[in-house]
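Chemist: Structure: target_6.txt, compact mmCIF, C-alpha atoms and all ligand atoms.
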# COMPACT_ATOMS: atom_id res chain seq x y z
CA MET A 1 -109.31 325.84 95.06
CA THR A 2 -108.36 327.68 98.17
CA GLN A 3 -104.82 327.24 99.30
CA PRO A 4 -104.92 325.24 102.54
CA SER A 5 -102.33 325.97 105.13
CA THR A 6 -99.48 323.54 104.62
CA PRO A 7 -99.15 321.58 107.83
CA ASP A 8 -95.69 320.97 109.15
CA ARG A 9 -95.09 317.24 109.52
CA ASP A 10 -93.04 317.74 112.63
CA SER A 11 -95.66 319.73 114.39
CA ASP A 12 -98.26 318.02 116.47
CA LEU A 13 -100.95 319.09 114.14
CA ASN A 14 -104.11 317.07 114.05
CA PHE A 15 -107.84 317.23 114.11
CA SER A 16 -108.09 318.82 117.49
CA ASP A 17 -105.88 321.71 116.38
CA LEU A 18 -108.03 322.54 113.40
CA THR A 19 -111.36 324.11 112.99
CA PRO A 20 -114.25 321.65 113.14
CA GLY A 21 -114.62 319.92 109.80
CA GLU A 22 -110.93 320.10 109.01
CA LEU A 23 -108.40 317.40 109.68
CA SER A 24 -104.81 317.11 108.63
CA PHE A 25 -102.06 314.56 109.07
CA GLY A 26 -98.82 313.37 107.55
CA ALA A 27 -98.77 310.05 105.71
CA VAL A 28 -96.95 307.92 103.20
CA TYR A 29 -98.79 307.85 99.89
CA PHE A 30 -98.82 305.03 97.35
CA ASP A 31 -100.49 305.97 94.07
CA GLY A 32 -101.56 302.36 93.31
CA LEU A 33 -99.83 302.43 89.92
CA THR A 34 -96.17 302.29 90.89
CA SER A 35 -94.36 300.98 93.93
CA ARG A 36 -93.10 304.45 94.67
CA GLN A 37 -93.92 305.88 98.09
CA ARG A 38 -94.07 309.56 98.79
CA GLN A 39 -94.25 311.59 101.96
CA ALA A 40 -97.52 313.42 101.77
CA GLU A 41 -99.73 315.75 103.71
CA VAL A 42 -103.34 314.77 103.91
CA GLN A 43 -106.14 317.23 104.43
CA VAL A 44 -109.71 316.23 105.06
CA SER A 45 -112.10 319.01 104.32
CA GLY A 46 -115.86 318.61 104.01
CA GLN A 47 -116.42 315.48 101.96
CA THR A 48 -113.01 315.55 100.28
CA LEU A 49 -109.69 314.01 101.15
CA LEU A 50 -106.77 315.86 99.61
CA VAL A 51 -103.30 314.37 99.22
CA ARG A 52 -100.38 316.71 98.64
CA SER A 53 -96.88 315.66 97.89
CA GLU A 54 -94.01 317.11 95.92
CA GLY A 55 -95.32 317.64 92.41
CA LEU A 56 -98.55 315.88 93.20
CA GLU A 57 -102.02 316.84 94.33
CA ALA A 58 -104.86 314.34 94.33
CA SER A 59 -108.31 314.56 95.81
CA TYR A 60 -110.66 311.75 96.69
CA PRO A 61 -114.31 311.77 97.77
CA LEU A 62 -114.42 310.77 101.43
CA GLY A 63 -117.17 308.27 100.66
CA GLY A 64 -114.71 306.21 98.60
CA VAL A 65 -112.10 306.04 101.34
CA ARG A 66 -111.90 302.80 103.32
CA ILE A 67 -110.24 302.93 106.70
CA GLU A 68 -108.65 299.59 107.54
CA PRO A 69 -109.45 298.37 111.05
CA PRO A 70 -106.68 299.09 113.54
CA LEU A 71 -104.05 296.43 114.14
CA ALA A 72 -101.83 296.59 117.18
CA ARG A 73 -98.50 298.33 116.62
CA LEU A 74 -99.08 298.80 112.92
CA ARG A 75 -99.53 301.92 110.89
CA ARG A 76 -103.08 302.88 110.09
CA VAL A 77 -104.03 302.33 106.47
CA LEU A 78 -106.49 304.21 104.33
CA LYS A 79 -107.50 302.62 101.06
CA LEU A 80 -108.31 305.14 98.40
CA PRO A 81 -110.14 304.68 95.09
CA GLY A 82 -107.92 303.34 92.28
CA ASN A 83 -105.75 301.14 94.50
CA ALA A 84 -104.02 304.13 96.04
CA ARG A 85 -103.37 304.01 99.76
CA LEU A 86 -102.15 306.05 102.66
CA GLU A 87 -100.21 304.81 105.64
CA THR A 88 -99.75 306.91 108.71
CA ASP A 89 -98.46 306.74 112.23
CA ASP A 90 -100.87 309.46 113.28
CA ARG A 91 -103.33 307.21 115.02
CA ARG A 92 -105.05 310.10 116.73
CA ALA A 93 -105.93 311.73 113.43
CA ILE A 94 -107.32 308.50 112.00
CA ALA A 95 -109.28 307.85 115.17
CA ALA A 96 -110.73 311.33 114.79
CA LEU A 97 -111.59 310.64 111.18
CA GLU A 98 -113.26 307.38 112.20
CA ARG A 99 -115.29 309.17 114.84
CA ARG A 100 -116.41 311.73 112.36
CA LEU A 101 -117.38 309.13 109.77
CA GLY A 102 -118.86 306.80 112.37
CA ARG A 103 -116.71 303.93 111.13
CA ASN A 104 -114.93 301.12 112.98
CA ALA A 105 -116.54 302.45 116.13
CA GLY A 106 -115.39 300.36 119.07
CA LEU A 107 -114.67 297.50 116.74
CA SER A 108 -111.31 295.81 116.89
CA LEU A 109 -110.15 293.54 114.08
CA VAL A 110 -110.77 290.47 116.20
CA GLN A 111 -114.29 291.59 116.92
CA ARG A 112 -114.89 292.14 113.25
CA LEU A 113 -113.61 288.68 112.41
CA GLU A 114 -115.70 287.17 115.16
CA SER A 115 -118.77 288.89 113.89
CA ARG A 116 -118.10 287.22 110.58
CA TRP A 117 -117.34 283.75 111.87
CA PRO A 118 -119.82 281.94 109.63
CA ILE A 119 -117.98 283.40 106.62
CA ALA A 120 -114.59 282.57 108.13
CA LEU A 121 -115.73 279.01 108.82
CA ALA A 122 -117.06 278.63 105.29
CA SER A 123 -113.74 279.84 103.84
CA LEU A 124 -111.83 277.45 106.07
CA VAL A 125 -113.95 274.55 104.86
CA GLY A 126 -113.36 275.71 101.30
CA VAL A 127 -109.60 275.77 101.82
CA LEU A 128 -109.63 272.30 103.39
CA VAL A 129 -111.68 270.89 100.51
CA PHE A 130 -109.25 272.45 98.05
CA ILE A 131 -106.25 270.95 99.85
CA ALA A 132 -107.92 267.54 99.98
CA LEU A 133 -108.71 267.63 96.25
CA PHE A 134 -105.20 268.80 95.47
CA LEU A 135 -103.64 266.00 97.53
CA GLN A 136 -105.95 263.44 95.92
CA TYR A 137 -105.63 264.47 92.30
CA GLY A 138 -103.36 267.44 91.76
CA LEU A 139 -100.28 266.36 93.67
CA PRO A 140 -99.89 262.89 92.09
CA ALA A 141 -100.31 264.42 88.64
CA LEU A 142 -97.73 267.11 89.37
CA ALA A 143 -95.35 264.59 90.89
CA GLY A 144 -95.67 262.42 87.79
CA VAL A 145 -94.82 265.31 85.48
CA ALA A 146 -91.92 266.43 87.69
CA ALA A 147 -90.57 262.86 87.74
CA GLN A 148 -90.65 262.63 83.94
CA ILE A 149 -88.74 265.87 83.42
CA THR A 150 -86.10 265.33 86.11
CA PRO A 151 -82.66 265.34 84.43
CA PRO A 152 -80.78 262.01 84.60
CA ALA A 153 -77.80 263.79 86.18
CA VAL A 154 -79.95 264.83 89.13
CA MET A 155 -81.14 261.26 89.62
CA ALA A 156 -77.56 259.96 89.39
CA THR A 157 -76.49 262.38 92.13
CA LEU A 158 -79.43 261.37 94.27
CA ASP A 159 -78.44 257.72 93.75
CA SER A 160 -74.88 258.14 94.94
CA GLN A 161 -75.93 260.10 98.04
CA THR A 162 -78.63 257.57 98.84
CA VAL A 163 -76.28 254.61 98.43
CA ARG A 164 -74.01 256.10 101.05
CA ALA A 165 -76.88 256.65 103.48
CA ILE A 166 -78.31 253.18 102.90
CA ASP A 167 -74.94 251.52 103.40
CA THR A 168 -74.31 253.24 106.69
CA GLN A 169 -77.82 252.72 108.05
CA TYR A 170 -79.40 249.61 106.60
CA LEU A 171 -77.16 247.18 104.76
CA LYS A 172 -73.95 245.21 105.30
CA PRO A 173 -71.30 244.04 102.83
CA SER A 174 -72.29 241.06 100.73
CA SER A 175 -70.81 237.61 101.08
CA VAL A 176 -72.04 236.38 97.70
CA SER A 177 -69.02 234.97 95.88
CA PRO A 178 -67.32 237.37 93.43
CA ALA A 179 -67.87 234.88 90.59
CA ARG A 180 -71.64 234.69 91.24
CA GLN A 181 -71.80 238.48 91.54
CA GLU A 182 -69.95 238.91 88.26
CA LYS A 183 -72.24 236.50 86.41
CA LEU A 184 -75.38 238.21 87.70
CA ARG A 185 -73.90 241.63 86.97
CA GLN A 186 -73.32 240.67 83.35
CA ASP A 187 -76.85 239.31 82.99
CA PHE A 188 -78.22 242.46 84.61
CA ALA A 189 -76.15 244.68 82.29
CA ALA A 190 -77.57 242.85 79.27
CA LEU A 191 -81.11 243.19 80.62
CA ALA A 192 -80.60 246.90 81.34
CA ALA A 193 -79.03 247.56 77.92
CA GLU A 194 -81.97 245.86 76.27
CA ARG A 195 -84.46 248.04 78.14
CA GLY A 196 -82.41 251.24 77.68
CA GLY A 197 -83.12 254.79 78.85
CA PRO A 198 -80.92 257.62 80.16
CA TYR A 199 -80.08 255.73 83.35
CA THR A 200 -76.84 254.63 84.98
CA PHE A 201 -77.79 251.04 85.66
CA ARG A 202 -75.64 249.16 88.15
CA LEU A 203 -76.21 246.21 90.41
CA LEU A 204 -75.07 246.28 94.04
CA PHE A 205 -74.93 243.22 96.29
CA ARG A 206 -75.47 243.69 100.02
CA LYS A 207 -76.41 241.63 103.04
CA GLY A 208 -79.95 242.58 104.08
CA GLY A 209 -79.82 241.43 107.68
CA ALA A 210 -82.80 241.32 110.00
CA LEU A 211 -84.11 244.68 108.84
CA VAL A 212 -84.15 244.21 105.08
CA GLY A 213 -84.09 240.44 104.56
CA ALA A 214 -84.59 238.89 101.13
CA ASN A 215 -85.17 241.85 98.91
CA ALA A 216 -84.28 244.00 95.95
CA PHE A 217 -84.99 247.65 95.32
CA ALA A 218 -84.06 250.37 92.87
CA LEU A 219 -82.98 253.97 93.30
CA PRO A 220 -84.23 256.61 90.83
CA GLY A 221 -81.11 256.78 88.64
CA GLY A 222 -80.78 253.04 87.97
CA THR A 223 -78.88 251.74 90.99
CA VAL A 224 -80.41 248.39 91.95
CA PHE A 225 -79.71 246.67 95.25
CA VAL A 226 -80.14 242.94 95.70
CA THR A 227 -79.62 241.25 99.05
CA ASP A 228 -77.69 238.06 99.79
CA GLU A 229 -80.88 236.69 101.28
CA LEU A 230 -82.72 237.10 97.98
CA VAL A 231 -79.86 235.50 96.06
CA GLY A 232 -79.99 232.65 98.58
CA LEU A 233 -83.76 232.28 98.22
CA ALA A 234 -83.59 232.02 94.42
CA LYS A 235 -83.43 228.56 92.87
CA SER A 236 -82.03 229.93 89.60
CA ASP A 237 -80.53 233.09 88.11
CA ARG A 238 -83.71 233.44 86.05
CA GLU A 239 -85.64 234.11 89.23
CA ILE A 240 -83.22 236.83 90.25
CA LEU A 241 -83.35 238.32 86.76
CA GLY A 242 -87.14 238.32 86.93
CA VAL A 243 -86.88 240.38 90.12
CA LEU A 244 -84.26 242.67 88.56
CA ALA A 245 -86.49 243.19 85.49
CA HIS A 246 -89.21 244.29 87.90
CA GLU A 247 -86.80 246.79 89.51
CA VAL A 248 -85.69 248.10 86.11
CA GLY A 249 -89.40 248.69 85.44
CA HIS A 250 -89.60 250.88 88.55
CA VAL A 251 -86.60 252.86 87.30
CA GLN A 252 -87.94 253.35 83.78
CA HIS A 253 -91.36 254.48 84.98
CA ARG A 254 -89.59 256.76 87.48
CA HIS A 255 -91.72 255.45 90.33
CA ALA A 256 -89.17 256.36 93.02
CA MET A 257 -88.80 259.90 91.68
CA ARG A 258 -92.56 260.31 91.65
CA GLN A 259 -92.74 259.02 95.22
CA ILE A 260 -90.09 261.51 96.31
CA TYR A 261 -91.90 264.45 94.76
CA GLN A 262 -95.18 263.38 96.24
CA SER A 263 -93.69 263.10 99.73
CA LEU A 264 -91.70 266.31 99.36
CA GLY A 265 -94.82 268.09 98.19
CA LEU A 266 -96.75 266.98 101.23
CA THR A 267 -94.00 267.88 103.63
CA LEU A 268 -93.52 271.25 102.02
CA MET A 269 -97.20 271.92 102.18
CA PHE A 270 -97.46 271.00 105.83
CA SER A 271 -94.36 273.05 106.59
CA VAL A 272 -95.86 276.08 104.95
CA VAL A 273 -99.22 275.57 106.62
CA ALA A 274 -97.46 275.23 109.96
CA GLY A 275 -95.39 278.30 109.16
CA ASP A 276 -92.21 276.26 109.38
CA VAL A 277 -90.47 277.00 106.10
CA THR A 278 -86.96 276.10 107.26
CA SER A 279 -87.88 272.45 107.74
CA ALA A 280 -88.44 272.18 103.99
CA ALA A 281 -84.70 272.36 103.50
CA SER A 282 -84.11 269.40 105.75
CA VAL A 283 -86.52 267.28 103.72
CA ALA A 284 -83.82 266.45 101.18
CA ALA A 285 -81.82 264.72 103.87
CA ALA A 286 -84.73 262.39 104.58
CA VAL A 287 -84.94 261.01 101.04
CA PRO A 288 -83.11 257.69 101.67
CA ALA A 289 -85.25 256.80 104.66
CA PHE A 290 -88.56 257.23 102.95
CA LEU A 291 -87.36 255.60 99.73
CA LEU A 292 -86.81 252.54 101.88
CA SER A 293 -89.79 252.76 104.17
CA SER A 294 -92.65 253.67 101.85
CA GLY A 295 -93.78 251.17 99.29
CA TYR A 296 -94.92 251.97 95.79
CA SER A 297 -98.56 252.16 94.85
CA ARG A 298 -100.35 249.03 93.65
CA GLN A 299 -100.50 250.64 90.24
CA ALA A 300 -96.72 251.10 90.18
CA GLU A 301 -96.17 247.46 91.21
CA THR A 302 -98.49 246.26 88.47
CA GLN A 303 -96.61 248.33 85.93
CA ALA A 304 -93.23 246.94 87.05
CA ASP A 305 -94.62 243.38 87.05
CA ASP A 306 -95.99 243.98 83.58
CA ASP A 307 -92.52 245.01 82.34
CA ALA A 308 -90.86 242.07 84.08
CA GLY A 309 -93.50 239.62 82.79
CA ARG A 310 -93.07 240.77 79.19
CA TRP A 311 -89.30 240.62 79.42
CA LEU A 312 -89.41 237.11 80.91
CA MET A 313 -91.78 235.99 78.13
CA LYS A 314 -89.43 237.34 75.50
CA ARG A 315 -86.35 235.89 77.11
CA TYR A 316 -87.57 232.58 78.51
CA GLY A 317 -91.11 232.17 77.16
CA THR A 318 -92.55 232.04 80.70
CA THR A 319 -93.19 234.28 83.69
CA ARG A 320 -92.74 231.38 86.11
CA PRO A 321 -89.34 232.43 87.51
CA LEU A 322 -90.80 235.63 88.98
CA GLN A 323 -93.95 233.86 90.13
CA ASP A 324 -91.90 231.18 91.88
CA ILE A 325 -89.66 233.54 93.81
CA LEU A 326 -92.64 235.75 94.74
CA LYS A 327 -94.44 232.70 96.13
CA ARG A 328 -91.39 231.73 98.11
CA LEU A 329 -91.14 235.28 99.50
CA ILE A 330 -94.81 235.20 100.49
CA GLU A 331 -94.36 231.86 102.26
CA GLN A 332 -91.20 232.99 103.99
CA ASP A 333 -92.52 236.32 105.24
CA GLY A 334 -95.23 236.07 107.85
CA PRO A 335 -97.67 238.96 108.05
CA VAL A 336 -95.82 240.34 111.05
CA GLN A 337 -92.56 240.63 109.18
CA ARG A 338 -94.25 241.93 106.05
CA SER A 339 -93.99 245.54 107.09
CA ARG A 340 -90.20 245.52 107.05
CA VAL A 341 -90.08 244.46 103.42
CA MET A 342 -88.95 247.28 101.19
CA ASP A 343 -90.08 246.68 97.71
CA LEU A 344 -90.97 243.22 96.63
CA LEU A 345 -93.90 242.65 98.93
CA ALA A 346 -94.29 246.11 100.33
CA SER A 347 -97.63 246.93 98.76
CA HIS A 348 -99.72 244.35 100.50
CA PRO A 349 -102.38 243.18 100.12
CA GLY A 350 -102.21 242.03 96.54
CA GLU A 351 -99.69 239.20 96.29
CA GLN A 352 -102.32 236.89 94.83
CA ALA A 353 -103.37 239.57 92.35
CA ARG A 354 -99.74 239.99 91.30
CA LEU A 355 -99.32 236.26 90.74
CA ALA A 356 -102.57 236.18 88.75
CA HIS A 357 -101.32 239.10 86.66
CA LEU A 358 -98.08 237.27 85.83
CA GLN A 359 -100.05 234.15 84.94
CA ALA A 360 -102.28 236.24 82.67
CA ILE A 361 -99.24 237.66 80.88
CA GLU A 362 -97.97 234.16 80.31
CA ALA A 363 -101.36 232.94 79.08
CA ALA A 364 -101.61 235.90 76.67
CA GLY A 365 -98.05 235.30 75.46
CA LYS A 366 -98.76 231.66 74.72
CA ALA A 367 -102.07 232.27 72.97
CA PRO A 368 -101.81 231.71 69.22
ZN ZN A 401 -91.83 246.69 93.05
Have the structure of the file written as structure tokens, please.

Modeler:
Amino acid sequence: MTQPSTPDRDSDLNFSDLTPGELSFGAVYFDGLTSRQRQAEVQVSGQTLLVRSEGLEASYPLGGVRIEPPLARLRRVLKLPGNARLETDDRRAIAALERRLGRNAGLSLVQRLESRWPIALASLVGVLVFIALFLQYGLPALAGVAAQITPPAVMATLDSQTVRAIDTQYLKPSSVSPARQEKLRQDFAALAAERGGPYTFRLLFRKGGALVGANAFALPGGTVFVTDELVGLAKSDREILGVLAHEVGHVQHRHAMRQIYQSLGLTLMFSVVAGDVTSAASVAAAVPAFLLSSGYSRQAETQADDDAGRWLMKRYGTTRPLQDILKRLIEQDGPVQRSRVMDLLASHPGEQARLAHLQAIEAAGKAP
């Protein structure tokens, strides 16, 4: 091989300075095998592109070299066979090379994309279909798995932070008598101990007020809230325990945790799609609000009712206490108010189906 004149990188040496058929420019060379980058001199001669760097000399057939379309203010990129690439600031030299090879002539990147719009549109549709399928099937499955493997300590921390937020924003101190609270707390502790699990079960009494009303709801780690209004609506402690058994069911099936992951997943995804990654960090702060505002799925309610129904059958031989208080809640809450209800009647419609389910559990339990 003839020894080509070694071009000086600092000189303004390019195509126009060389004999026709020869072109030379400085570039950064990536060999495609390692992340190392080397300063290199590139010489185009005939149908060969020669890369020279310290201790390296590689030649490529010009036919295998792809010149990336120009992007504003970016280095020009040449893709070489074997994943190697060259990057250069010498736009004049690359333009000359393009002219010689008849490539990218008068074609900006935008024009190239536009000329391929049917393909771009098809890919966009593909991406949207993928996202839709993922949201429909993939995300709930992932959220379920994530919920099951979340350490109890994490849920306990989430509980204590959420309690603080809920108390400042939604609930007021309870005026249920300490004696009544203590009795219900003991019954709840027995119920929770019976059902078990790595949870920190505790029962908190609060006044619901206009916003929350007669209700009960559970946080992921085992903290269960019951409102004065619900205690007032109940005709017996059994009814309250039926409701609490339902809430314990939500805890044990980790419904709240699943809900959180599903909502976080969505928010994260939209943040990323919108290019707003920083908002993902603020999602954590929103956990209490959506725990309170978004109801569980019908499936989750059925599961919690199933648990409560079985427990009531074992304990009292009937599911009536839960049925009775549910009916009273349905009568009390008009459809307009329904939307404010957190858990017990949040997943409307379906109250009648829930009552029928509880009746079916009782019928099955009484069958010989
Ligand atoms: Zn529920």

Chemist: For a quick check of understanding, using all atoms listed in the file, which of A:His246, A:Arg92, A:Arg76, A:Arg36 has the smallest distance to Arg310 in chain A?

Modeler: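 Looking only at the distances to Arg310 in chain A, the closest residue turns out to be A:His246.
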
Chemist: Would you name the residues within 10 Å of ligand ZN 401 (chain A), counting all atoms listed in the file, and put them as a ChimeraX atom specification?

Modeler: /A:216-218,243-251,255,295-305,342-347

Chemist: Tell me which of A:Ala84, A:Ala132, A:Ile67, A:Val145 sits closest to Ser35 in chain A, counting all atoms listed in the file.

Modeler: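 Result for the nearest residue to Ser35 in chain A: A:Ala84.
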
Chemist: Please indicate the distance in Å from CA of Phe134 in chain A to CA of Leu121 in chain A, rounded to one decimal place.

Modeler: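 Going from CA of Phe134 in chain A over to CA of Leu121 in chain A covers 19.8 Å.
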
Chemist: Find the residues near Gln359 in chain A: any atom within 10 Å, counting all atoms listed in the file, skip ones fewer than 5 places away on the same chain, and give them as a PyMOL selection string.

Modeler: chain A and resi 309+318-320+323+353-354+364-365

Chemist: Which value, in Å to one decimal, gives the distance between CA of Val51 in chain A and CA of Arg91 in chain A?

Modeler: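 Interatomic distance here is 17.3 Å.
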
Chemist: Residues near range 56-60 of chain A, anyone? I mean within 12 Å using all atoms listed in the file, not counting same-chain ones fewer than 3 positions away, as a ChimeraX atom specification.

Modeler: /A:1,3,29-31,38-53,63-66,78-86
